[in-house]
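To keep things clear, I will list the structure first and then write my remarks on it.
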Amino acid sequence: MTEQTQQLSVHFKHAHEGVVQDALVLSRTPPVRGLMRSTKNAGVDPVDGSTTLQWRRRLETTFISLMESRPSYVQVRYIGMADGGREIVRVNRTATGLERVVPELLQTKGQEPYYAESQLLGEDEAAFSAVTFNREHGQVDPSHELVIRSLVPIFDHAGNRFGLIVINIHYAEFLKNTLGTFQLPERTFVINSFGDVLSNDPTLGAMEFCERDKAPPVLPQILADGFMSESEEGTVWSEEDLECFARVRVGGAAKDHDLRVVVRVPRDRLLADARAVRGKAILLSILIVLLTFVATAVLAGRFTEGLQSLTRSIDESTVHGHPPVLPTQAGGEIGALARSFQRKTQQLEESEARSRAVLDHALDGIAVIDERGRVESFNPSCEQIFGYSAEEVIGRNVSSLMPEAVRIRHDSYLENYRRTGKRNFIGNRREVVARRKDGTTFPLEISVSEIRLEGRVIFTGILRDLTEKKAQDARESLIEELRRSNSELDAFAYVASHDLKAPLRVIENASVWLEEDLGETLDEEGRENLALMRSRVKRMEKLLDDLLDYSRIGRDEDERYRRLVSGAQIMDEITLLARPHPGFIVEADAAFKEAEFLLMPTKQILLNLVNNAIKHHDRQSGTVKIGYHDDDVAPEITVSDDGPGIPDSYHEKIFEMFRTLRPRDEVEGSGMGLANVKKFVEHQGGTIAVRSGGARGAIFALTFPKVQQSKEDENGASRVRYGT
């Protein structure tokens, strides 16, 4: 009983130490230092050029990664010392998931008690706050959830206090989760010095947490017998039960925050085994005395012979590694002993099989080494990480999995630990460089714990390959940089378009004024030159407009990009907007008219292709046809004409920017039309190609992913999405 209570207290102490370790690890992550540097340098990190926003997003991602694996963590924050203790980064756990708090909703926490408590901590020190209700904007949160906070201060390189890492833990859930991983068959209580009580009754399968002013009806007898004293551990007998208690010293700014764990066992059940053993012992003694007088010599000989045979079988199995041949079918004590030994052996094998199954199916690598650094266990995840089989590694020094420079330091760590007992690497989660079988190096996260087993020391390492995480961080950084670059390009295209149009308008107006001022003195050639100048100005303005439209494709979507309409409706608008010459016919087949499409950009694409077919036609009359074919995978829209056609050598070139097949003096255009069409199509996940229509004409074929319509939203508006 006492040992179980002590183990439970150690279990709770380790759980609290794990929270402290999480806070310390967060305090040492690169985004914490990056935010410090960028904040002090006008929002730009002088080391790598990252902005404060980029470092904030990276730290939010780090917070989210931690909280995903810690369900009792309700908030993780980085609080600055400036502006009255204003929050710099904050992630909340809500009913719908983890939420990044935007800067406008960050709060100042300089008046909170835990903020003042953190001022007493030095560098790399951590503590817990008192257990209190969560507060938002200075008021108790309506949920009335008790929280405990892990605090770690942040100092800059000059030793000045810069900020504070705070982890808010849902206190009741934290205690329940910790107790739930330590299965005890007895009634258990966990009580803090504020009067909050967690009780667990395994017979009912019920675990209950009661706040300080709502104590449960069944409390441990120890509370009435000086439990709240400074005693580290003890026991109390009552008429019905035995209660063992132990103190869990958590530490921190709240000096009275220590926990007490209490295990209760009914007196009758505790003494039942002893009574049963005593009864069996008395009965067995009587039988032995009687049998001794009857056949001492015969029974002693047989018993000795059977016992010797059993001992030999066990010894041989130990030497040769095969299962012992036990006389389990024999009667008497030898048979009972053989059956008991067989049951214990099976239990040990099952226990080892369960442990092996846990190791073999763990997602993280788990390795066990002795105090000399030799590998004793190497699970399949380790094999996958390093490329070695377990047989290749077991028995070798673990430093063989490290680069040469790291290997030397690691050997010195072990030697220093054996000599001084100082733990430089035990109990901490660190990032190191490891080496695979093929010689390549990679980043590895490792946490090492020490286990003392049967008079010797072994170390268990939990290993996680950080290659993908590092790559993901790099991808996120690149995506953020691309977003910024695209935003700058959009702004440049817009400004350039407007700024360049101003001198063009001046040139156009000047040509008109010049023509008016010269009047009759201007000859016909001069008028043609001025008209040519104005046409060039119009062409340049059209080119600037097309360039601006090209840069906006896929960025400035409006409601029309999400609305489904029939092909017939699109044809009505195309016929109205295209305004073909009287000799031209624009028509669509029945399949196109009956099908449904996204209004935009389908209308823009088809209108551009129809106008292009009419503009480049070599006759005064012709036909443009729009067709549709649905094969349930990638529906195809075709736009065909009976014009002069496009040579095969130009089928790819016509989609390039500023590319025209005829001089602009013959056909007015910017050369951006088909480039815009291709960008529209590819942005929607489709493809476009041109093929010859035979002796004359050309056919443009467009394929799009199928559009699927979802249910109507609460306002009755239809929403759509692409899908194949």
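Convention: chains lettered A, B, ... in structure tokens order; per-chain residue numbering from 1; ligands numbered from 1 as shown.
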
Do a neighbour search on Leu466 of chain A at 9 Å with only C-alpha atoms, toss out local chain neighbours closer than 3 positions, and write the hits as a PyMOL selection string. chain A and resi 431+442-445+469-471

Selection to disk with N, CA, C and O atoms, as a tab-separated table (two decimals), in the first residue's frame:
```tsv
chain	number	residue	atom	x	y	z
A	431	GLU	N	17.38	18.80	-29.60
A	431	GLU	CA	17.52	18.56	-31.04
A	431	GLU	C	18.99	18.35	-31.35
A	431	GLU	O	19.83	19.17	-30.99
A	442	PHE	N	20.84	14.08	-40.48
A	442	PHE	CA	19.50	14.64	-40.41
A	442	PHE	C	19.22	15.14	-38.99
A	442	PHE	O	19.86	14.69	-38.04
A	443	PRO	N	18.27	16.09	-38.83
A	443	PRO	CA	17.93	16.59	-37.49
A	443	PRO	C	17.07	15.58	-36.74
A	443	PRO	O	16.15	14.99	-37.30
A	444	LEU	N	17.35	15.38	-35.46
A	444	LEU	CA	16.66	14.39	-34.65
A	444	LEU	C	16.31	15.01	-33.30
A	444	LEU	O	17.16	15.65	-32.67
A	445	GLU	N	15.06	14.83	-32.88
A	445	GLU	CA	14.66	15.25	-31.53
A	445	GLU	C	14.76	14.04	-30.61
A	445	GLU	O	14.26	12.96	-30.93
A	469	LYS	N	9.49	17.80	-40.57
A	469	LYS	CA	9.07	19.02	-39.88
A	469	LYS	C	9.89	20.21	-40.34
A	469	LYS	O	9.36	21.30	-40.58
A	470	LYS	N	11.22	19.99	-40.48
A	470	LYS	CA	12.07	21.08	-40.97
A	470	LYS	C	11.67	21.47	-42.39
A	470	LYS	O	11.62	22.66	-42.73
A	471	ALA	N	11.37	20.45	-43.21
A	471	ALA	CA	10.95	20.74	-44.58
A	471	ALA	C	9.63	21.50	-44.59
A	471	ALA	O	9.44	22.43	-45.38
```

Among segment 41-208 of chain A, which ones does DSSP assign to strand (DSSP E or B) (computed from the backbone)? Answer as a ChimeraX atom specification. /A:44,51,73-80,86-94,97-100,108,127-128,132-133,135-136,139-140,146-155,161-170,187-192,197-201,206-208

Mind writing the picked residues with C-alpha atoms as a short mmCIF file (atom, residue, chain, number, x, y, z; two decimals), in the first residue's frame?
```cif
data_model
loop_
_atom_site.label_atom_id
_atom_site.label_comp_id
_atom_site.auth_asym_id
_atom_site.auth_seq_id
_atom_site.Cartn_x
_atom_site.Cartn_y
_atom_site.Cartn_z
CA VAL A 44 12.85 42.98 -39.00
CA THR A 51 9.65 40.02 -40.02
CA TYR A 73 -3.47 22.65 -22.37
CA VAL A 74 -6.12 25.37 -22.93
CA GLN A 75 -3.85 28.35 -23.69
CA VAL A 76 -0.20 28.91 -24.60
CA ARG A 77 1.08 32.49 -24.60
CA TYR A 78 4.18 34.58 -25.11
CA ILE A 79 3.78 37.75 -22.98
CA GLY A 80 6.11 40.73 -23.31
CA ARG A 86 0.91 42.80 -23.39
CA GLU A 87 0.57 39.39 -25.06
CA ILE A 88 2.77 38.93 -28.16
CA VAL A 89 1.49 35.51 -29.35
CA ARG A 90 -1.43 33.48 -28.07
CA VAL A 91 -3.16 30.24 -29.09
CA ASN A 92 -6.48 29.21 -27.48
CA ARG A 93 -8.26 25.84 -27.37
CA THR A 94 -11.93 26.38 -28.27
CA GLY A 97 -10.33 23.44 -32.24
CA LEU A 98 -7.13 25.43 -31.78
CA GLU A 99 -7.38 29.16 -32.53
CA ARG A 100 -4.64 31.67 -33.34
CA THR A 108 -2.38 43.01 -21.24
CA ALA A 127 7.40 27.65 -11.64
CA PHE A 128 3.68 27.03 -11.27
CA THR A 132 -7.27 29.92 -9.88
CA PHE A 133 -10.17 30.55 -12.18
CA ARG A 135 -9.51 35.35 -16.31
CA GLU A 136 -10.08 37.21 -19.56
CA GLN A 139 -12.74 39.24 -15.34
CA VAL A 140 -13.29 35.61 -14.32
CA LEU A 146 -9.81 26.15 -12.66
CA VAL A 147 -6.42 26.51 -14.31
CA ILE A 148 -2.80 26.19 -13.23
CA ARG A 149 -0.11 28.04 -15.16
CA SER A 150 3.45 27.02 -15.93
CA LEU A 151 5.72 30.09 -16.06
CA VAL A 152 9.14 30.52 -17.70
CA PRO A 153 10.74 34.02 -18.05
CA ILE A 154 12.56 35.10 -21.22
CA PHE A 155 15.78 37.15 -21.01
CA ARG A 161 13.86 40.48 -18.71
CA PHE A 162 12.04 40.57 -22.06
CA GLY A 163 8.99 38.31 -21.80
CA LEU A 164 7.26 35.31 -20.30
CA ILE A 165 6.08 31.90 -21.62
CA VAL A 166 2.79 30.89 -19.97
CA ILE A 167 0.99 27.55 -20.41
CA ASN A 168 -2.57 27.47 -19.03
CA ILE A 169 -3.61 23.93 -18.05
CA HIS A 170 -7.19 22.82 -17.38
CA ARG A 187 -10.18 4.06 -3.96
CA THR A 188 -7.90 7.06 -4.61
CA PHE A 189 -7.98 10.78 -3.71
CA VAL A 190 -5.83 13.68 -4.94
CA ILE A 191 -6.17 16.89 -2.89
CA ASN A 192 -4.41 20.23 -3.14
CA VAL A 197 -10.49 17.13 -4.55
CA LEU A 198 -10.18 14.50 -7.31
CA SER A 199 -11.62 11.13 -6.30
CA ASN A 200 -11.55 7.83 -8.19
CA ASP A 201 -13.64 4.76 -7.36
CA ALA A 206 -16.16 6.82 -11.78
CA MET A 207 -13.71 9.71 -11.47
CA GLU A 208 -15.00 12.97 -9.94
#
```

One decimal, in Å: what's the spacing between atom CA of Ser566 of chain A and atom CA of Met600 of chain A?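 Separation of atom CA of Ser566 of chain A and atom CA of Met600 of chain A: 12.0 Å.
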
Residue contacts of His16 of chain A (9 Å, only C-alpha atoms) excluding same-chain residues fewer than 5 positions away, as a ChimeraX atom specification: /A:11,21,128,250

Write out the residues from the selection above, keeping all heavy atoms, as a compact mmCIF listing (two decimals), in the first residue's frame.
```txt
# COMPACT_ATOMS: atom_id res chain seq x y z
N HIS A 11 4.45 9.60 -9.77
CA HIS A 11 3.78 9.74 -11.07
C HIS A 11 3.24 11.16 -11.26
O HIS A 11 3.41 11.77 -12.33
CB HIS A 11 2.65 8.71 -11.14
CG HIS A 11 1.98 8.65 -12.48
ND1 HIS A 11 2.62 8.21 -13.62
CD2 HIS A 11 0.72 8.97 -12.86
CE1 HIS A 11 1.78 8.26 -14.63
NE2 HIS A 11 0.63 8.72 -14.20
N GLN A 21 8.85 21.10 -18.33
CA GLN A 21 9.77 20.84 -19.44
C GLN A 21 9.22 21.39 -20.76
O GLN A 21 9.97 21.94 -21.57
CB GLN A 21 10.00 19.32 -19.57
CG GLN A 21 11.09 18.96 -20.57
CD GLN A 21 12.42 19.53 -20.17
OE1 GLN A 21 12.77 19.55 -19.01
NE2 GLN A 21 13.17 20.03 -21.13
N PHE A 128 5.12 27.10 -11.07
CA PHE A 128 3.68 27.03 -11.27
C PHE A 128 3.01 28.18 -10.50
O PHE A 128 3.46 28.58 -9.43
CB PHE A 128 3.11 25.70 -10.76
CG PHE A 128 3.40 24.55 -11.65
CD1 PHE A 128 4.45 23.70 -11.38
CD2 PHE A 128 2.63 24.31 -12.78
CE1 PHE A 128 4.73 22.63 -12.21
CE2 PHE A 128 2.89 23.25 -13.61
CZ PHE A 128 3.95 22.41 -13.31
N VAL A 250 5.30 19.97 -5.61
CA VAL A 250 5.31 20.49 -6.97
C VAL A 250 6.24 21.69 -7.09
O VAL A 250 6.92 21.89 -8.09
CB VAL A 250 3.88 20.88 -7.43
CG1 VAL A 250 3.90 21.51 -8.79
CG2 VAL A 250 3.01 19.63 -7.42
```

Quick one: of A:Ala246, A:Ala390, A:Leu606, A:Val10, who's nearest to Lys678 of chain A, counting only C-alpha atoms?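 Answer, going by the shortest atom-to-atom distance: A:Leu606.
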
When you count only C-alpha atoms, which of these residues is closest to Ile646 of chain A: A:Ala588, A:Ala15, A:Val690, A:Ile626?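 With only C-alpha atoms as the atom set, the closest residue is A:Val690.
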
Could you jot down the atom CA of Ile369 of chain A to atom CA of Leu401 of chain A separation for me, Å, one decimal place? 12.6 Å

Running DSSP on the backbone, which parts of segment 90-206 of chain A land in helix (DSSP H, G or I), as a list in words?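 The residues of segment 90-206 of chain A classed as helix (DSSP H, G or I) are Pro103, Glu104, Leu105, Pro113, Tyr114, Tyr115, Ala116, Glu117, Ser118, Tyr171, Ala172, Glu173, Phe174, Leu175, Lys176, Asn177, Thr178, Leu179 and Gly180 of chain A.
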
Save the residues we just selected, C-alpha atoms, as a compact mmCIF listing (two decimals), in the first residue's frame?
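Result went into again_37.txt, see below:
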```txt
# COMPACT_ATOMS: atom_id res chain seq x y z
CA PRO A 103 -3.03 40.89 -32.62
CA GLU A 104 -6.08 43.12 -32.18
CA LEU A 105 -7.53 40.74 -29.53
CA PRO A 113 -0.82 37.77 -9.82
CA TYR A 114 1.09 35.18 -11.83
CA TYR A 115 2.74 38.00 -13.81
CA ALA A 116 4.16 39.42 -10.58
CA GLU A 117 5.21 35.92 -9.44
CA SER A 118 7.20 35.44 -12.64
CA TYR A 171 -6.54 21.70 -13.81
CA ALA A 172 -9.32 19.09 -13.46
CA GLU A 173 -8.55 17.45 -16.83
CA PHE A 174 -4.82 17.46 -16.06
CA LEU A 175 -5.33 15.64 -12.75
CA LYS A 176 -7.81 13.18 -14.30
CA ASN A 177 -5.51 12.37 -17.23
CA THR A 178 -2.54 11.87 -14.91
CA LEU A 179 -4.46 9.62 -12.52
CA GLY A 180 -6.09 7.74 -15.42
```

From the list A:Gly519, A:Met1, A:Leu577, A:Ser69, which residue is nearest Arg267 of chain A when using only C-alpha atoms?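 With only C-alpha atoms as the atom set, the closest residue is A:Met1.
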
Polymer residues at most 8 Å from segment 350-364 of chain A, only C-alpha atoms, same-chain spacing of 4 or more positions, as number ranges by chain: A: 346, 379-382, 462-464

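Of note, atom CA of Gly195 of chain A and atom CA of Cys210 of chain A are spaced 8.8 Å apart.
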
Neighbour list for Ala42 of chain A as a VMD selection string, cut-off 12 Å, only C-alpha atoms, skip fewer than 5 positions in-chain: chain A and resid 35 to 37 49 to 53
